[in-house]
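Undergrad: Take a look at this one; I'll ask things after.
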Amino acid sequence: MAYSKSGWYLHTLMDMFTNVTETGTPTKITLAGNSLNENLSLVSSSAADYAAPVAVGNASPAWVNTDEVTGTGWATGGVNLHAAAAGGTDVVETCASSAGTTSAGLITYGWTNPLSVTGTTLTGIYGFIIYFVNITASVSKPCLLTIYVGTGYNTVAGTFGITPSGTGLSQLTLTQ
Amino acid sequence: MTPEERERIRSIGHLRGGRTRDKVATVTRPEDDPGLDAGKRAKQTTDQLGTVITESDHRQDVNIRPPTHHQEIGFNQ
């Protein structure tokens, strides 16, 4: 099945919900505030839904460089979110809740500053993965979120950017 | 076929999932963008997903603006 879906990696969220102590940095999974230890890598059209590196339901969702897009100005492993905004600054992750309705609440994940990396030549960008680059166990480099963007975007000696919408990169809806 | 029609066809890329990549083209003069070389022009296009692609002679920038992804977690009581 071709890569076409965005999603949170369930095992990584479960580590957060159940307060698992990780080996490495950070010691606790959070949705925001750990950008220094989070990278964003790019995914090609060769990826397939539910298979690594976008196996969102995998019990061990380790980041791997399979189906990765790399190029000039963008090495394997991707860029560190703490230095990925304009001028090498932090994107500043945000995680906010909203009241929603009496039966559903929203958790919104996004960034204050757009990602903006200059001097890149990249071909065939279909999506990206945010993962914890400095955690070694219980899962090595556990993935947090993948966003499918489709199309196959290219840069040529130019700036690659990702600007979250006003309602964030992703919203988790909790229903009762 | 008019030049505008040819440009429109050239600009339509292939998207999986049945979506089209229908771009709206504008031309940016160098004085509007300090990053451009003097005397050069750039074409800025926005596709249906909101991604902005800026092309000049030797450079192409991409700014992806992904729509918010939604995922639901249900609790059975």
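Lettering and numbering for the structure tokens are positional, with chains as A, B, ... in the shown order, residues counted from 1 in each chain, and ligands counted from 1 in the shown order.
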Using only C-alpha atoms, find each residue of chain B with at least one atom at most 6 Å away from an atom of chain A; report its shortest atom-to-atom pair and that distance in Å (one decimal), sort the rows by chain and rising residue number, and return the result as a Markdown table.

TA:
```
| residue | atom | partner | partner_atom | distance |
| --- | --- | --- | --- | --- |
| B:Leu15 | CA | A:Thr151 | CA | 5.0 |
| B:Arg59 | CA | A:Val156 | CA | 5.0 |
| B:Gln60 | CA | A:Val156 | CA | 4.7 |
| B:Asp61 | CA | A:Gly158 | CA | 4.6 |
| B:Val62 | CA | A:Phe160 | CA | 5.1 |
| B:Asn63 | CA | A:Gly161 | CA | 4.2 |
| B:Ile64 | CA | A:Ile162 | CA | 4.7 |
| B:Arg65 | CA | A:Thr163 | CA | 4.9 |
| B:Thr68 | CA | A:Leu169 | CA | 4.9 |
| B:His69 | CA | A:Ser170 | CA | 4.3 |
| B:His70 | CA | A:Gln171 | CA | 4.9 |
| B:Gln71 | CA | A:Leu172 | CA | 5.0 |
| B:Glu72 | CA | A:Thr173 | CA | 4.5 |
| B:Ile73 | CA | A:Leu174 | CA | 4.9 |
| B:Gly74 | CA | A:Thr175 | CA | 5.0 |
| B:Phe75 | CA | A:Gln176 | CA | 5.4 |
```

Undergrad: Excluding A:Val43 and any residue of its chain fewer than 3 positions from it, enumerate the residues within 6 Å of it, using only C-alpha atoms, and give them as a PyMOL selection string.

TA: chain A and resi 67-69+126-128

Undergrad: Enter the distance from atom CA of A:Gly57 to atom CA of A:Ser138, in Å, rounded to one decimal.

TA: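 Distance between the two atoms: 15.8 Å.
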
Undergrad: Take atom CA of A:Leu145 and atom CA of B:Thr54 and report the distance between them in Å, one decimal.

TA: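 These two atoms are separated by 27.5 Å.
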
Undergrad: DSSP on the backbone: which residues in chain A end up as helix (DSSP H, G or I)? Give the answer as a PyMOL selection string.

TA: chain A and resi 10-17+35-37+81-83+86-88

Undergrad: With N, CA and C atoms kept, could you save the residues just selected as a compact mmCIF listing (two decimals), in the first residue's frame?

TA:
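Result written to out24.txt:
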```txt
# COMPACT_ATOMS: atom_id res chain seq x y z
N LEU A 10 1.69 4.96 17.63
CA LEU A 10 0.91 4.62 18.82
C LEU A 10 1.78 4.19 19.99
N HIS A 11 2.84 3.43 19.71
CA HIS A 11 3.69 2.96 20.81
C HIS A 11 4.37 4.14 21.50
N THR A 12 4.77 5.13 20.75
CA THR A 12 5.43 6.30 21.33
C THR A 12 4.43 7.10 22.18
N LEU A 13 3.20 7.23 21.68
CA LEU A 13 2.18 7.89 22.50
C LEU A 13 1.90 7.11 23.77
N MET A 14 1.89 5.79 23.67
CA MET A 14 1.63 4.97 24.86
C MET A 14 2.73 5.16 25.89
N ASP A 15 3.98 5.30 25.44
CA ASP A 15 5.07 5.58 26.37
C ASP A 15 4.81 6.89 27.11
N MET A 16 4.25 7.87 26.39
CA MET A 16 3.94 9.15 27.02
C MET A 16 2.79 8.98 28.02
N PHE A 17 1.73 8.31 27.58
CA PHE A 17 0.55 8.16 28.45
C PHE A 17 0.90 7.36 29.71
N SER A 35 12.31 19.85 21.45
CA SER A 35 12.78 20.00 20.06
C SER A 35 14.29 19.80 19.93
N LEU A 36 15.03 20.05 21.00
CA LEU A 36 16.48 19.84 20.93
C LEU A 36 16.82 18.38 20.66
N ASN A 37 15.91 17.50 21.01
CA ASN A 37 16.14 16.06 20.84
C ASN A 37 15.26 15.44 19.77
N LEU A 81 14.93 19.99 15.07
CA LEU A 81 13.85 20.99 15.13
C LEU A 81 14.25 22.23 15.94
N HIS A 82 15.22 22.06 16.82
CA HIS A 82 15.65 23.20 17.65
C HIS A 82 16.40 24.23 16.81
N ALA A 83 16.87 23.81 15.63
CA ALA A 83 17.65 24.73 14.79
C ALA A 83 17.12 24.76 13.36
N ALA A 86 13.93 29.68 10.57
CA ALA A 86 14.77 30.65 9.87
C ALA A 86 15.93 31.11 10.75
N GLY A 87 17.10 31.15 10.13
CA GLY A 87 18.28 31.58 10.86
C GLY A 87 18.82 30.56 11.84
N GLY A 88 18.39 29.31 11.70
CA GLY A 88 18.88 28.26 12.58
C GLY A 88 18.30 28.31 13.98
```

Undergrad: Mind pulling up the distance from atom CA of A:Leu31 to atom CA of A:Cys95?

TA: 6.5 Å

Undergrad: Run DSSP on the backbone of this structure and report the residues of stretch 107-146 of chain A it assigns to strand (DSSP E or B), as a PyMOL selection string.

TA: chain A and resi 107-111+115-132+135-137+142-146

Undergrad: Quick one: write out the picked residues with N, CA and C atoms as a PDB file, in the first residue's frame?

TA:
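The resulting part_14.pdb:
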```pdb
ATOM      1  N   ILE A 107      -6.442  18.037  21.274  1.00  0.00           N
ATOM      2  CA  ILE A 107      -5.055  18.350  21.600  1.00  0.00           C
ATOM      3  C   ILE A 107      -4.383  18.744  20.296  1.00  0.00           C
ATOM      4  N   THR A 108      -3.895  19.957  20.229  1.00  0.00           N
ATOM      5  CA  THR A 108      -3.319  20.477  18.989  1.00  0.00           C
ATOM      6  C   THR A 108      -1.810  20.572  19.111  1.00  0.00           C
ATOM      7  N   TYR A 109      -1.108  19.947  18.168  1.00  0.00           N
ATOM      8  CA  TYR A 109       0.351  20.009  18.103  1.00  0.00           C
ATOM      9  C   TYR A 109       0.762  20.857  16.911  1.00  0.00           C
ATOM     10  N   GLY A 110       1.679  21.775  17.135  1.00  0.00           N
ATOM     11  CA  GLY A 110       2.171  22.599  16.026  1.00  0.00           C
ATOM     12  C   GLY A 110       3.471  23.282  16.392  1.00  0.00           C
ATOM     13  N   TRP A 111       3.838  24.231  15.594  1.00  0.00           N
ATOM     14  CA  TRP A 111       5.048  25.007  15.822  1.00  0.00           C
ATOM     15  C   TRP A 111       4.707  26.493  15.788  1.00  0.00           C
ATOM     16  N   LEU A 115       9.332  25.774   9.783  1.00  0.00           N
ATOM     17  CA  LEU A 115      10.627  25.203   9.434  1.00  0.00           C
ATOM     18  C   LEU A 115      11.108  25.886   8.162  1.00  0.00           C
ATOM     19  N   SER A 116      12.384  26.228   8.119  1.00  0.00           N
ATOM     20  CA  SER A 116      12.933  26.926   6.958  1.00  0.00           C
ATOM     21  C   SER A 116      14.422  26.634   6.862  1.00  0.00           C
ATOM     22  N   VAL A 117      14.781  25.803   5.886  1.00  0.00           N
ATOM     23  CA  VAL A 117      16.177  25.382   5.729  1.00  0.00           C
ATOM     24  C   VAL A 117      16.657  25.843   4.356  1.00  0.00           C
ATOM     25  N   THR A 118      17.701  26.637   4.333  1.00  0.00           N
ATOM     26  CA  THR A 118      18.196  27.207   3.083  1.00  0.00           C
ATOM     27  C   THR A 118      19.226  26.292   2.425  1.00  0.00           C
ATOM     28  N   GLY A 119      19.469  26.541   1.152  1.00  0.00           N
ATOM     29  CA  GLY A 119      20.549  25.857   0.439  1.00  0.00           C
ATOM     30  C   GLY A 119      20.311  24.383   0.211  1.00  0.00           C
ATOM     31  N   THR A 120      19.069  24.003  -0.058  1.00  0.00           N
ATOM     32  CA  THR A 120      18.777  22.589  -0.248  1.00  0.00           C
ATOM     33  C   THR A 120      18.484  22.272  -1.711  1.00  0.00           C
ATOM     34  N   THR A 121      18.880  21.079  -2.102  1.00  0.00           N
ATOM     35  CA  THR A 121      18.430  20.499  -3.369  1.00  0.00           C
ATOM     36  C   THR A 121      17.882  19.129  -3.042  1.00  0.00           C
ATOM     37  N   LEU A 122      16.571  19.008  -3.132  1.00  0.00           N
ATOM     38  CA  LEU A 122      15.877  17.800  -2.685  1.00  0.00           C
ATOM     39  C   LEU A 122      14.859  17.395  -3.747  1.00  0.00           C
ATOM     40  N   THR A 123      14.683  16.104  -3.907  1.00  0.00           N
ATOM     41  CA  THR A 123      13.792  15.608  -4.956  1.00  0.00           C
ATOM     42  C   THR A 123      12.824  14.585  -4.398  1.00  0.00           C
ATOM     43  N   GLY A 124      11.546  14.795  -4.675  1.00  0.00           N
ATOM     44  CA  GLY A 124      10.533  13.786  -4.371  1.00  0.00           C
ATOM     45  C   GLY A 124      10.125  13.708  -2.921  1.00  0.00           C
ATOM     46  N   ILE A 125       9.779  14.841  -2.349  1.00  0.00           N
ATOM     47  CA  ILE A 125       9.357  14.870  -0.943  1.00  0.00           C
ATOM     48  C   ILE A 125       7.861  14.576  -0.872  1.00  0.00           C
ATOM     49  N   TYR A 126       7.528  13.483  -0.215  1.00  0.00           N
ATOM     50  CA  TYR A 126       6.108  13.097  -0.079  1.00  0.00           C
ATOM     51  C   TYR A 126       5.603  13.225   1.354  1.00  0.00           C
ATOM     52  N   GLY A 127       6.506  13.402   2.293  1.00  0.00           N
ATOM     53  CA  GLY A 127       6.073  13.515   3.674  1.00  0.00           C
ATOM     54  C   GLY A 127       7.265  13.665   4.589  1.00  0.00           C
ATOM     55  N   PHE A 128       6.987  13.692   5.874  1.00  0.00           N
ATOM     56  CA  PHE A 128       8.085  13.817   6.839  1.00  0.00           C
ATOM     57  C   PHE A 128       7.757  13.069   8.122  1.00  0.00           C
ATOM     58  N   ILE A 129       8.812  12.823   8.879  1.00  0.00           N
ATOM     59  CA  ILE A 129       8.704  12.108  10.158  1.00  0.00           C
ATOM     60  C   ILE A 129       9.376  12.962  11.234  1.00  0.00           C
ATOM     61  N   ILE A 130       8.717  13.096  12.362  1.00  0.00           N
ATOM     62  CA  ILE A 130       9.341  13.710  13.538  1.00  0.00           C
ATOM     63  C   ILE A 130       9.665  12.578  14.504  1.00  0.00           C
ATOM     64  N   TYR A 131      10.914  12.533  14.959  1.00  0.00           N
ATOM     65  CA  TYR A 131      11.321  11.432  15.837  1.00  0.00           C
ATOM     66  C   TYR A 131      12.327  11.916  16.862  1.00  0.00           C
ATOM     67  N   PHE A 132      12.457  11.115  17.940  1.00  0.00           N
ATOM     68  CA  PHE A 132      13.385  11.438  19.024  1.00  0.00           C
ATOM     69  C   PHE A 132      14.749  10.839  18.690  1.00  0.00           C
ATOM     70  N   ILE A 135      17.048   9.149  21.927  1.00  0.00           N
ATOM     71  CA  ILE A 135      16.559   8.063  22.780  1.00  0.00           C
ATOM     72  C   ILE A 135      17.081   6.746  22.205  1.00  0.00           C
ATOM     73  N   THR A 136      17.617   5.909  23.075  1.00  0.00           N
ATOM     74  CA  THR A 136      18.192   4.641  22.620  1.00  0.00           C
ATOM     75  C   THR A 136      17.360   3.436  23.028  1.00  0.00           C
ATOM     76  N   ALA A 137      16.514   3.578  24.057  1.00  0.00           N
ATOM     77  CA  ALA A 137      15.649   2.483  24.500  1.00  0.00           C
ATOM     78  C   ALA A 137      14.506   3.087  25.329  1.00  0.00           C
ATOM     79  N   PRO A 142      12.721   6.589  18.662  1.00  0.00           N
ATOM     80  CA  PRO A 142      11.295   6.340  18.403  1.00  0.00           C
ATOM     81  C   PRO A 142      10.647   7.462  17.596  1.00  0.00           C
ATOM     82  N   CYS A 143       9.848   7.065  16.620  1.00  0.00           N
ATOM     83  CA  CYS A 143       9.118   8.032  15.800  1.00  0.00           C
ATOM     84  C   CYS A 143       7.897   8.523  16.558  1.00  0.00           C
ATOM     85  N   LEU A 144       7.551   9.776  16.333  1.00  0.00           N
ATOM     86  CA  LEU A 144       6.410  10.390  17.011  1.00  0.00           C
ATOM     87  C   LEU A 144       5.249  10.636  16.052  1.00  0.00           C
ATOM     88  N   LEU A 145       5.543  11.231  14.906  1.00  0.00           N
ATOM     89  CA  LEU A 145       4.468  11.660  14.006  1.00  0.00           C
ATOM     90  C   LEU A 145       4.979  11.643  12.572  1.00  0.00           C
ATOM     91  N   THR A 146       4.142  11.179  11.671  1.00  0.00           N
ATOM     92  CA  THR A 146       4.442  11.326  10.243  1.00  0.00           C
ATOM     93  C   THR A 146       3.308  12.103   9.589  1.00  0.00           C
TER      94      THR A 146
END
```
